[in-house]
Amino acid sequence: MILFGRNLRRSAAMGLLVSLATGAIVLAKDRIFVDQWSPTRSELYIADTDGRNARKLAAGLELDYNASFSSDGEWVVFTSERYGSADIFRVRTSGMELERLTDHPAFDDQAALSPDGNSLAFVSTRDTGSTDIHILDMKTRQTRNLTNSPGGDYRPSWSPDGRRIAFSSDRGTKLQRSRGNWEQVQAASVYIIGADGRDLRKLSSDEGQFAGSPKWSPDGARVVFYELAVADTFRARGLGAQATIESRIVSVDVATGARVEHASGPGLKLSPQFLDANRIGYLAKSGASARLSFASGENGSVGDVGNPAWSRDGRRVVYHSGPIDTIPAARRPGGSLSGRDPQYELRFASGFPAVSPDGRHIAVSERTGRGNPDDRTALVVWAIDGTNPRRIFRAQGSLMSPQWSPDGQWIVFGAGSYFVTRASHPAQIMVVKPDGSGARALTTGPGNSGFPSWSPDGKQVVYRFWSDASEGSPPNGPTPGRAAGLRIFNMSDGAVRTLTTGYDNFPCWLATGRIVFSRFENDEFHIFAIRPDGTSLAQLTKGPYDDTHPACAPDGEHVLFSTSRFGFKDEAPMFDIPQPYGELIIMKADGSQQRALTDNRWEEGTPAWVPARPEH
């Protein structure tokens, strides 16, 4: 017998599993489905300088990425999720002698070996939840935090003499929002610090430029990095992969600050590196196309190439191949995801997953293949084991946030032009039976309605409402003359009443009666709770970050939500993916006992608990 979906006290009372063979006692886990924006494949390849004669480097089909060569060219260090959490590994360039270098539940990434091979610099969240540069002694396997500063530090690179490290950082900058005040955009600069943690200084310009991925010249006199206008990152985040931006490859003399521009023009130019004293290689990206390029003008291979790194002699390149920086491919629900709390078993399910009250089925909004992350037009019901998918409804426009009625007889959802009210089909709240019959709209007329949640008795539905919104994005908040907030629909007579009038979203109705939701206020999203009669409004989360997408546990005592409080895990967020900084937090329904469930480079959101159900 396995029980899912109750709190720890409930599990301890009802869900103890006794192994007859060993007599061991095991606590049943809470199973939670999570929509994680992660790729299905990322493999390492090693090739000639220009990308030709590529061969797969490491065995297996796990997520491997962000590789770099040792100074002697004999080893490649890289990040892998083959054992769950992101950790650092190394392997011979032959693909032999794979070795795990870090083993920590925190996020470890972006490693670089020192020139003498005795130390490893890498990015980790192991101290504060945000990324710092750490140093691993390869002999003692002891680590120390080199940068230990608020904000995120990324992409360490050793000087040829091993005395200094260049890195990028968004420290000292305020995360800002892209078009529509929804996603956040970072700014980053290049810094240099001594390997002993002293003599920190900024190397890149302050003139509104985003700078990242520094690498040293062979003589240690210069540092090369890519650069683009911060305004371009805002435009790219607003328009996705189709955005036209311009970037540059520049190097700076460490002693004098003199700048040299090596390449410029439209498109992203990333991962620059000196191949010798006069030649620089980099990755050129334009939309979905990626090419190995060189500042001297010649071009290398075109294809599925990410984060190239060349050997010290410039004769070989290693890179990851896979859709790591694009909208992930569709896959069936049920795959295991890595989490930080052993009490919770995290499983993949894309598209606002919702589990039936009996725990046997899962409903999701399905992407239908146009390549747009908002292209979710169909409602699909799967068996909980990821088999037997059935499409039961197709919407005009987007279909989002399905929720099962408490008796399992209906599914409520929003359908239409979700973020545009001046459209022929503004989103409305609808219901349909799990077999696809009986579909009807609960709300009608102008205005944009979405993200519904049933009351515990199934007699009411709470949802968010906007009377107007900017094209393709939510408004900055309530505006005079525009209605916004949460509404409650009465299933017996169709009456609608106003619950709140703020910029409120993602309501979920706790079994204990209160309604939890996300509110945008003072340029931040946070989690609030309110009684259905409009009294006892309480703010549950606070801080200079975003907390949103709350999900209520069946026990009525816990709430899950996504947060940006730990910052970005890397420089230059993936431009065509919504929020690559989202981690899952669990808390008590009064806002206490907040703790992280995930720690990775992917976005997690819209989780759904599996209700407790004995399985014989």
# chains A, B, ... in the order shown; residues from 1 in each chain; ligands from 1
call {"tool": "residues_around", "arguments": {"residues": "segment 539-549 of chain A", "least_positions_apart": "2", "cutoff": "6 Å", "atoms": "only C-alpha atoms", "output": "ChimeraX atom specification"}}
result
/A:506,518,524-528,561-565,591,606
call {"tool": "write_last_selection", "arguments": {"atoms": "all heavy atoms", "output": "short mmCIF file (atom, residue, chain, number, x, y, z; two decimals), in the first residue's frame"}}
result
data_model
loop_
_atom_site.label_atom_id
_atom_site.label_comp_id
_atom_site.auth_asym_id
_atom_site.auth_seq_id
_atom_site.Cartn_x
_atom_site.Cartn_y
_atom_site.Cartn_z
N PHE A 506 -3.96 33.60 -9.97
CA PHE A 506 -3.67 32.23 -9.52
C PHE A 506 -4.32 31.89 -8.17
O PHE A 506 -3.64 31.42 -7.25
CB PHE A 506 -2.16 32.01 -9.44
CG PHE A 506 -1.43 32.31 -10.71
CD1 PHE A 506 -0.57 33.40 -10.79
CD2 PHE A 506 -1.61 31.53 -11.83
CE1 PHE A 506 0.10 33.68 -11.97
CE2 PHE A 506 -0.94 31.81 -13.01
CZ PHE A 506 -0.09 32.88 -13.08
N SER A 518 -1.90 35.10 -5.70
CA SER A 518 -0.73 35.94 -5.94
C SER A 518 -1.19 37.36 -6.25
O SER A 518 -2.12 37.57 -7.03
CB SER A 518 0.08 35.39 -7.12
OG SER A 518 1.13 36.26 -7.47
N GLU A 524 6.25 43.97 -7.06
CA GLU A 524 6.58 42.61 -6.66
C GLU A 524 5.32 41.75 -6.64
O GLU A 524 4.22 42.25 -6.40
CB GLU A 524 7.21 42.58 -5.26
CG GLU A 524 8.54 43.28 -5.17
CD GLU A 524 8.98 43.47 -3.72
OE1 GLU A 524 8.23 43.08 -2.81
OE2 GLU A 524 10.07 44.04 -3.52
N PHE A 525 5.51 40.45 -6.91
CA PHE A 525 4.44 39.48 -6.73
C PHE A 525 4.65 38.76 -5.40
O PHE A 525 5.76 38.29 -5.12
CB PHE A 525 4.46 38.43 -7.86
CG PHE A 525 4.01 38.96 -9.20
CD1 PHE A 525 4.93 39.47 -10.09
CD2 PHE A 525 2.67 38.92 -9.55
CE1 PHE A 525 4.53 39.95 -11.33
CE2 PHE A 525 2.26 39.38 -10.80
CZ PHE A 525 3.18 39.90 -11.68
N HIS A 526 3.58 38.66 -4.60
CA HIS A 526 3.67 37.91 -3.35
C HIS A 526 2.38 37.14 -3.11
O HIS A 526 1.36 37.38 -3.75
CB HIS A 526 3.98 38.84 -2.19
CG HIS A 526 5.42 39.24 -2.13
ND1 HIS A 526 6.42 38.32 -1.85
CD2 HIS A 526 6.05 40.41 -2.35
CE1 HIS A 526 7.60 38.92 -1.89
NE2 HIS A 526 7.40 40.19 -2.20
N ILE A 527 2.46 36.19 -2.17
CA ILE A 527 1.34 35.32 -1.88
C ILE A 527 0.50 35.92 -0.75
O ILE A 527 1.04 36.32 0.29
CB ILE A 527 1.81 33.91 -1.48
CG1 ILE A 527 2.80 33.37 -2.52
CG2 ILE A 527 0.61 32.98 -1.32
CD1 ILE A 527 2.24 33.25 -3.91
N PHE A 528 -0.81 35.98 -0.97
CA PHE A 528 -1.77 36.49 0.00
C PHE A 528 -2.82 35.43 0.28
O PHE A 528 -2.95 34.45 -0.47
CB PHE A 528 -2.45 37.75 -0.53
CG PHE A 528 -1.58 38.99 -0.55
CD1 PHE A 528 -0.55 39.12 -1.47
CD2 PHE A 528 -1.81 40.02 0.35
CE1 PHE A 528 0.25 40.26 -1.49
CE2 PHE A 528 -1.02 41.16 0.33
CZ PHE A 528 0.01 41.28 -0.59
N PHE A 561 4.57 27.24 -3.98
CA PHE A 561 4.59 28.37 -4.91
C PHE A 561 5.97 28.48 -5.55
O PHE A 561 6.95 27.89 -5.07
CB PHE A 561 4.22 29.68 -4.21
CG PHE A 561 5.13 30.08 -3.08
CD1 PHE A 561 6.24 30.89 -3.29
CD2 PHE A 561 4.87 29.65 -1.79
CE1 PHE A 561 7.07 31.26 -2.25
CE2 PHE A 561 5.70 30.01 -0.72
CZ PHE A 561 6.80 30.82 -0.96
N SER A 562 6.04 29.24 -6.64
CA SER A 562 7.31 29.50 -7.32
C SER A 562 7.89 30.81 -6.84
O SER A 562 7.15 31.76 -6.55
CB SER A 562 7.10 29.57 -8.84
OG SER A 562 6.61 28.36 -9.34
N THR A 563 9.21 30.88 -6.77
CA THR A 563 9.87 32.08 -6.27
C THR A 563 11.07 32.45 -7.12
O THR A 563 11.69 31.58 -7.75
CB THR A 563 10.32 31.89 -4.81
OG1 THR A 563 10.84 33.12 -4.29
CG2 THR A 563 11.41 30.82 -4.71
N SER A 564 11.40 33.74 -7.10
CA SER A 564 12.63 34.22 -7.73
C SER A 564 13.65 34.63 -6.68
O SER A 564 14.68 35.22 -7.01
CB SER A 564 12.33 35.42 -8.64
OG SER A 564 11.96 36.57 -7.85
N ARG A 565 13.41 34.31 -5.41
CA ARG A 565 14.23 34.83 -4.31
C ARG A 565 15.68 34.39 -4.37
O ARG A 565 16.55 35.05 -3.78
CB ARG A 565 13.62 34.45 -2.97
CG ARG A 565 13.59 32.96 -2.67
CD ARG A 565 12.87 32.67 -1.34
NE ARG A 565 11.48 33.05 -1.39
CZ ARG A 565 10.66 33.00 -0.33
NH1 ARG A 565 11.12 32.57 0.83
NH2 ARG A 565 9.40 33.35 -0.44
N GLY A 591 1.89 30.94 6.12
CA GLY A 591 3.12 31.59 5.65
C GLY A 591 4.36 31.19 6.40
O GLY A 591 5.47 31.62 6.03
N THR A 606 3.40 25.86 -11.31
CA THR A 606 2.07 25.27 -11.37
C THR A 606 2.05 23.82 -10.89
O THR A 606 1.65 22.92 -11.62
CB THR A 606 1.48 25.37 -12.79
OG1 THR A 606 2.25 24.60 -13.71
CG2 THR A 606 1.42 26.82 -13.25
#
call {"tool": "closest_atom_pairs", "arguments": {"of": "segment 189-280 of chain A", "to": "segment 120-140 of chain A", "cutoff": "12 Å", "atoms": "only C-alpha atoms", "output": "Markdown table"}}
result
| residue | atom | partner | partner_atom | distance |
| --- | --- | --- | --- | --- |
| A:Tyr191 | CA | A:Ile133 | CA | 11.9 |
| A:Ile192 | CA | A:Ile133 | CA | 11.8 |
| A:Ile193 | CA | A:Ile133 | CA | 10.5 |
| A:Gly194 | CA | A:Ile135 | CA | 11.9 |
| A:Ala195 | CA | A:Ile135 | CA | 8.6 |
| A:Asp196 | CA | A:Ile135 | CA | 9.8 |
| A:Gly197 | CA | A:Ile133 | CA | 10.1 |
call {"tool": "write_last_selection", "arguments": {"atoms": "all heavy atoms", "output": "mmCIF file, in the first residue's frame"}}
result
data_model
loop_
_atom_site.group_PDB
_atom_site.id
_atom_site.type_symbol
_atom_site.label_atom_id
_atom_site.label_comp_id
_atom_site.auth_asym_id
_atom_site.auth_seq_id
_atom_site.Cartn_x
_atom_site.Cartn_y
_atom_site.Cartn_z
ATOM 1 N N TYR A 191 34.014 40.886 -13.650
ATOM 2 C CA TYR A 191 34.878 41.225 -12.511
ATOM 3 C C TYR A 191 36.126 40.344 -12.534
ATOM 4 O O TYR A 191 36.161 39.278 -13.157
ATOM 5 C CB TYR A 191 34.148 40.996 -11.189
ATOM 6 C CG TYR A 191 32.994 41.931 -10.928
ATOM 7 C CD1 TYR A 191 31.760 41.735 -11.551
ATOM 8 C CD2 TYR A 191 33.128 43.010 -10.066
ATOM 9 C CE1 TYR A 191 30.699 42.587 -11.311
ATOM 10 C CE2 TYR A 191 32.075 43.870 -9.807
ATOM 11 C CZ TYR A 191 30.853 43.653 -10.437
ATOM 12 O OH TYR A 191 29.801 44.511 -10.196
ATOM 13 N N ILE A 192 37.134 40.799 -11.787
ATOM 14 C CA ILE A 192 38.339 40.013 -11.528
ATOM 15 C C ILE A 192 38.544 39.961 -10.020
ATOM 16 O O ILE A 192 38.343 40.966 -9.318
ATOM 17 C CB ILE A 192 39.574 40.627 -12.207
ATOM 18 C CG1 ILE A 192 39.439 40.576 -13.725
ATOM 19 C CG2 ILE A 192 40.844 39.909 -11.783
ATOM 20 C CD1 ILE A 192 40.589 41.260 -14.446
ATOM 21 N N ILE A 193 38.946 38.802 -9.520
ATOM 22 C CA ILE A 193 39.221 38.644 -8.101
ATOM 23 C C ILE A 193 40.447 37.744 -7.950
ATOM 24 O O ILE A 193 40.698 36.868 -8.785
ATOM 25 C CB ILE A 193 38.006 38.039 -7.363
ATOM 26 C CG1 ILE A 193 38.171 38.132 -5.844
ATOM 27 C CG2 ILE A 193 37.773 36.589 -7.790
ATOM 28 C CD1 ILE A 193 36.915 37.736 -5.060
ATOM 29 N N GLY A 194 41.224 37.981 -6.896
ATOM 30 C CA GLY A 194 42.351 37.103 -6.620
ATOM 31 C C GLY A 194 41.878 35.721 -6.212
ATOM 32 O O GLY A 194 40.799 35.563 -5.626
ATOM 33 N N ALA A 195 42.656 34.711 -6.491
ATOM 34 C CA ALA A 195 42.287 33.343 -6.113
ATOM 35 C C ALA A 195 42.208 33.173 -4.606
ATOM 36 O O ALA A 195 41.645 32.188 -4.121
ATOM 37 C CB ALA A 195 43.299 32.353 -6.705
ATOM 38 N N ASP A 196 42.734 34.162 -3.858
ATOM 39 C CA ASP A 196 42.630 34.151 -2.398
ATOM 40 C C ASP A 196 41.432 34.949 -1.908
ATOM 41 O O ASP A 196 41.237 35.104 -0.690
ATOM 42 C CB ASP A 196 43.905 34.697 -1.761
ATOM 43 C CG ASP A 196 44.228 36.125 -2.207
ATOM 44 O OD1 ASP A 196 43.432 36.717 -2.988
ATOM 45 O OD2 ASP A 196 45.274 36.653 -1.782
ATOM 46 N N GLY A 197 40.617 35.477 -2.834
ATOM 47 C CA GLY A 197 39.428 36.235 -2.463
ATOM 48 C C GLY A 197 39.652 37.721 -2.295
ATOM 49 O O GLY A 197 38.730 38.454 -1.920
#
call {"tool": "closest_residue", "arguments": {"among": "A:Ser286, A:Thr501, A:Asn66, A:Gln176", "to": "Gly265 of chain A", "atoms": "only C-alpha atoms"}}
result
A:Ser286
call {"tool": "residues_around", "arguments": {"residues": "Arg390 of chain A", "least_positions_apart": "3", "cutoff": "12 Å", "atoms": "only C-alpha atoms", "output": "list in words"}}
result
His361, Ile362, Ala363, Val364, Ser365, Glu366, Ala378, Leu379, Val380, Val381, Trp382, Ala383, Gly386, Thr387, Phe393, Arg394, Pro434, Asp435 and Gly436 of chain A
call {"tool": "residues_around", "arguments": {"residues": "Arg201 of chain A", "least_positions_apart": "4", "cutoff": "12 Å", "atoms": "only C-alpha atoms", "output": "ChimeraX atom specification"}}
result
/A:147,164-169,189-194,197,205,254-255,257
call {"tool": "closest_residue", "arguments": {"among": "A:Arg144, A:Lys588, A:Arg360, A:Arg601", "to": "Ser80 of chain A", "atoms": "only C-alpha atoms"}}
result
A:Arg601
call {"tool": "select_by_dssp", "arguments": {"residues": "segment 169-298 of chain A", "states": "alpha helix (DSSP H)", "output": "PyMOL selection string"}}
result
chain A and resi 230-239
call {"tool": "residues_around", "arguments": {"residues": "Gly117 of chain A", "least_positions_apart": "4", "cutoff": "8 Å", "atoms": "only C-alpha atoms", "output": "PyMOL selection string"}}
result
chain A and resi 70-71+113+138
call {"tool": "write_last_selection", "arguments": {"atoms": "all heavy atoms", "output": "PDB file, in the first residue's frame"}}
result
ATOM      1  N   SER A  70      40.682  20.902 -19.342  1.00  0.00           N
ATOM      2  CA  SER A  70      41.807  21.157 -18.446  1.00  0.00           C
ATOM      3  C   SER A  70      42.915  21.835 -19.249  1.00  0.00           C
ATOM      4  O   SER A  70      42.936  21.793 -20.482  1.00  0.00           O
ATOM      5  CB  SER A  70      42.313  19.853 -17.827  1.00  0.00           C
ATOM      6  OG  SER A  70      42.772  18.961 -18.839  1.00  0.00           O
ATOM      7  N   SER A  71      43.849  22.447 -18.522  1.00  0.00           N
ATOM      8  CA  SER A  71      44.912  23.188 -19.201  1.00  0.00           C
ATOM      9  C   SER A  71      45.774  22.286 -20.085  1.00  0.00           C
ATOM     10  O   SER A  71      46.228  22.698 -21.163  1.00  0.00           O
ATOM     11  CB  SER A  71      45.799  23.894 -18.171  1.00  0.00           C
ATOM     12  OG  SER A  71      46.773  24.693 -18.791  1.00  0.00           O
ATOM     13  N   LEU A 113      38.950  24.138 -14.328  1.00  0.00           N
ATOM     14  CA  LEU A 113      40.139  23.688 -13.609  1.00  0.00           C
ATOM     15  C   LEU A 113      41.229  24.749 -13.675  1.00  0.00           C
ATOM     16  O   LEU A 113      41.421  25.421 -14.698  1.00  0.00           O
ATOM     17  CB  LEU A 113      40.652  22.385 -14.210  1.00  0.00           C
ATOM     18  CG  LEU A 113      39.933  21.108 -13.767  1.00  0.00           C
ATOM     19  CD1 LEU A 113      40.280  19.953 -14.710  1.00  0.00           C
ATOM     20  CD2 LEU A 113      40.279  20.755 -12.323  1.00  0.00           C
ATOM     21  N   MET A 138      41.423  19.857  -5.296  1.00  0.00           N
ATOM     22  CA  MET A 138      41.279  18.551  -5.938  1.00  0.00           C
ATOM     23  C   MET A 138      41.926  17.428  -5.125  1.00  0.00           C
ATOM     24  O   MET A 138      41.578  16.256  -5.317  1.00  0.00           O
ATOM     25  CB  MET A 138      41.881  18.600  -7.341  1.00  0.00           C
ATOM     26  CG  MET A 138      41.104  19.513  -8.301  1.00  0.00           C
ATOM     27  SD  MET A 138      39.476  18.857  -8.710  1.00  0.00           S
ATOM     28  CE  MET A 138      39.949  17.495  -9.778  1.00  0.00           C
TER      29      MET A 138
END
call {"tool": "select_by_dssp", "arguments": {"residues": "segment 498-597 of chain A", "states": "strand (DSSP E or B)", "output": "VMD selection string"}}
result
chain A and resid 498 503 to 509 515 to 521 524 to 530 538 to 539 547 to 552 558 to 563 583 to 588 595 to 596
call {"tool": "write_last_selection", "arguments": {"atoms": "N, CA and C atoms", "output": "tab-separated table (two decimals), in the first residue's frame"}}
result
chain	number	residue	atom	x	y	z
A	498	THR	N	-17.67	40.14	-6.56
A	498	THR	CA	-16.28	40.59	-6.52
A	498	THR	C	-15.68	40.27	-5.16
A	503	TYR	N	-4.43	43.71	-8.51
A	503	TYR	CA	-3.92	42.88	-9.60
A	503	TYR	C	-3.60	41.52	-8.98
A	504	ASP	N	-4.62	40.67	-8.94
A	504	ASP	CA	-4.55	39.38	-8.25
A	504	ASP	C	-4.72	38.24	-9.24
A	505	ASN	N	-4.06	37.12	-8.96
A	505	ASN	CA	-4.03	36.03	-9.94
A	505	ASN	C	-3.80	34.69	-9.23
A	506	PHE	N	-3.96	33.60	-9.97
A	506	PHE	CA	-3.67	32.23	-9.52
A	506	PHE	C	-4.32	31.89	-8.17
A	507	PRO	N	-5.63	32.08	-8.03
A	507	PRO	CA	-6.25	31.71	-6.75
A	507	PRO	C	-6.34	30.21	-6.58
A	508	CYS	N	-6.18	29.75	-5.35
A	508	CYS	CA	-6.47	28.35	-5.02
A	508	CYS	C	-7.23	28.32	-3.70
A	509	TRP	N	-8.23	27.47	-3.64
A	509	TRP	CA	-9.15	27.42	-2.49
A	509	TRP	C	-8.70	26.31	-1.55
A	515	ILE	N	-8.85	31.41	0.71
A	515	ILE	CA	-8.40	31.45	-0.68
A	515	ILE	C	-7.01	32.07	-0.71
A	516	VAL	N	-6.07	31.36	-1.29
A	516	VAL	CA	-4.69	31.82	-1.44
A	516	VAL	C	-4.50	32.30	-2.86
A	517	PHE	N	-3.75	33.38	-3.07
A	517	PHE	CA	-3.57	33.93	-4.41
A	517	PHE	C	-2.29	34.74	-4.48
A	518	SER	N	-1.90	35.10	-5.70
A	518	SER	CA	-0.73	35.94	-5.94
A	518	SER	C	-1.19	37.36	-6.25
A	519	ARG	N	-0.53	38.35	-5.63
A	519	ARG	CA	-0.87	39.77	-5.86
A	519	ARG	C	0.37	40.52	-6.31
A	520	PHE	N	0.19	41.38	-7.34
A	520	PHE	CA	1.26	42.27	-7.81
A	520	PHE	C	1.08	43.61	-7.14
A	521	GLU	N	2.08	44.02	-6.34
A	521	GLU	CA	1.96	45.24	-5.55
A	521	GLU	C	3.35	45.77	-5.28
A	524	GLU	N	6.25	43.97	-7.06
A	524	GLU	CA	6.58	42.61	-6.66
A	524	GLU	C	5.32	41.75	-6.64
A	525	PHE	N	5.51	40.45	-6.91
A	525	PHE	CA	4.44	39.48	-6.73
A	525	PHE	C	4.65	38.76	-5.40
A	526	HIS	N	3.58	38.66	-4.60
A	526	HIS	CA	3.67	37.91	-3.35
A	526	HIS	C	2.38	37.14	-3.11
A	527	ILE	N	2.46	36.19	-2.17
A	527	ILE	CA	1.34	35.32	-1.88
A	527	ILE	C	0.50	35.92	-0.75
A	528	PHE	N	-0.81	35.98	-0.97
A	528	PHE	CA	-1.77	36.49	0.00
A	528	PHE	C	-2.82	35.43	0.28
A	529	ALA	N	-3.59	35.65	1.34
A	529	ALA	CA	-4.74	34.79	1.63
A	529	ALA	C	-5.89	35.66	2.09
A	530	ILE	N	-7.11	35.20	1.85
A	530	ILE	CA	-8.31	35.96	2.21
A	530	ILE	C	-9.45	34.98	2.44
A	538	ALA	N	-4.46	38.66	4.36
A	538	ALA	CA	-3.14	38.53	4.98
A	538	ALA	C	-2.09	38.31	3.91
A	539	GLN	N	-0.94	38.98	4.05
A	539	GLN	CA	0.19	38.75	3.16
A	539	GLN	C	1.06	37.65	3.76
A	547	ASP	N	7.06	36.01	-5.64
A	547	ASP	CA	6.48	34.73	-5.24
A	547	ASP	C	5.12	34.62	-5.94
A	548	THR	N	4.89	33.54	-6.67
A	548	THR	CA	3.66	33.45	-7.45
A	548	THR	C	3.31	31.99	-7.72
A	549	HIS	N	2.24	31.76	-8.50
A	549	HIS	CA	1.77	30.42	-8.85
A	549	HIS	C	1.51	29.55	-7.62
A	550	PRO	N	0.73	30.01	-6.64
A	550	PRO	CA	0.47	29.16	-5.48
A	550	PRO	C	-0.39	27.95	-5.83
A	551	ALA	N	-0.16	26.85	-5.13
A	551	ALA	CA	-0.96	25.63	-5.27
A	551	ALA	C	-1.25	25.10	-3.87
A	552	CYS	N	-2.51	24.77	-3.61
A	552	CYS	CA	-2.95	24.35	-2.29
A	552	CYS	C	-2.87	22.83	-2.16
A	558	HIS	N	-0.86	23.21	3.75
A	558	HIS	CA	0.37	23.60	3.07
A	558	HIS	C	0.06	24.27	1.73
A	559	VAL	N	0.99	25.12	1.31
A	559	VAL	CA	0.91	25.80	0.02
A	559	VAL	C	2.26	25.71	-0.66
A	560	LEU	N	2.26	25.39	-1.94
A	560	LEU	CA	3.46	25.44	-2.77
A	560	LEU	C	3.41	26.67	-3.65
A	561	PHE	N	4.57	27.24	-3.98
A	561	PHE	CA	4.59	28.37	-4.91
A	561	PHE	C	5.97	28.48	-5.55
A	562	SER	N	6.04	29.24	-6.64
A	562	SER	CA	7.31	29.50	-7.32
A	562	SER	C	7.89	30.81	-6.84
A	563	THR	N	9.21	30.88	-6.77
A	563	THR	CA	9.87	32.08	-6.27
A	563	THR	C	11.07	32.45	-7.12
A	583	GLU	N	12.08	28.61	-8.54
A	583	GLU	CA	12.23	27.43	-7.71
A	583	GLU	C	10.95	27.24	-6.91
A	584	LEU	N	10.71	26.00	-6.47
A	584	LEU	CA	9.52	25.69	-5.69
A	584	LEU	C	9.80	25.85	-4.20
A	585	ILE	N	8.87	26.50	-3.50
A	585	ILE	CA	8.92	26.67	-2.05
A	585	ILE	C	7.65	26.04	-1.47
A	586	ILE	N	7.78	25.36	-0.36
A	586	ILE	CA	6.62	24.88	0.39
A	586	ILE	C	6.55	25.63	1.71
A	587	MET	N	5.33	25.92	2.17
A	587	MET	CA	5.15	26.61	3.45
A	587	MET	C	3.84	26.16	4.08
A	588	LYS	N	3.71	26.44	5.36
A	588	LYS	CA	2.43	26.26	6.02
A	588	LYS	C	1.45	27.30	5.46
A	595	ARG	N	10.41	26.59	3.00
A	595	ARG	CA	11.66	25.92	2.63
A	595	ARG	C	11.60	25.50	1.17
A	596	ALA	N	12.78	25.44	0.55
A	596	ALA	CA	12.88	25.15	-0.88
A	596	ALA	C	12.76	23.65	-1.14
call {"tool": "residues_around", "arguments": {"residues": "Phe348 of chain A", "least_positions_apart": "4", "cutoff": "8 Å", "atoms": "only C-alpha atoms", "output": "PyMOL selection string"}}
result
chain A and resi 33-36+333-337
call {"tool": "closest_residue", "arguments": {"among": "A:Lys29, A:Arg171, A:Arg52, A:Arg497", "to": "Val302 of chain A", "atoms": "only C-alpha atoms"}}
result
A:Arg52
call {"tool": "atom_distance", "arguments": {"atom1": "atom CA of Tyr45 of chain A", "atom2": "atom CA of Val250 of chain A"}}
result
26.8 Å
call {"tool": "residues_around", "arguments": {"residues": "Gly314 of chain A", "least_positions_apart": "2", "cutoff": "8 Å", "atoms": "only C-alpha atoms", "output": "NGL selection string"}}
result
:A and (49 or 274-276 or 310-312 or 316-317)
call {"tool": "closest_residue", "arguments": {"among": "A:Glu81, A:Pro115, A:Gly152, A:Ile384", "to": "Thr102 of chain A", "atoms": "only C-alpha atoms"}}
result
A:Glu81
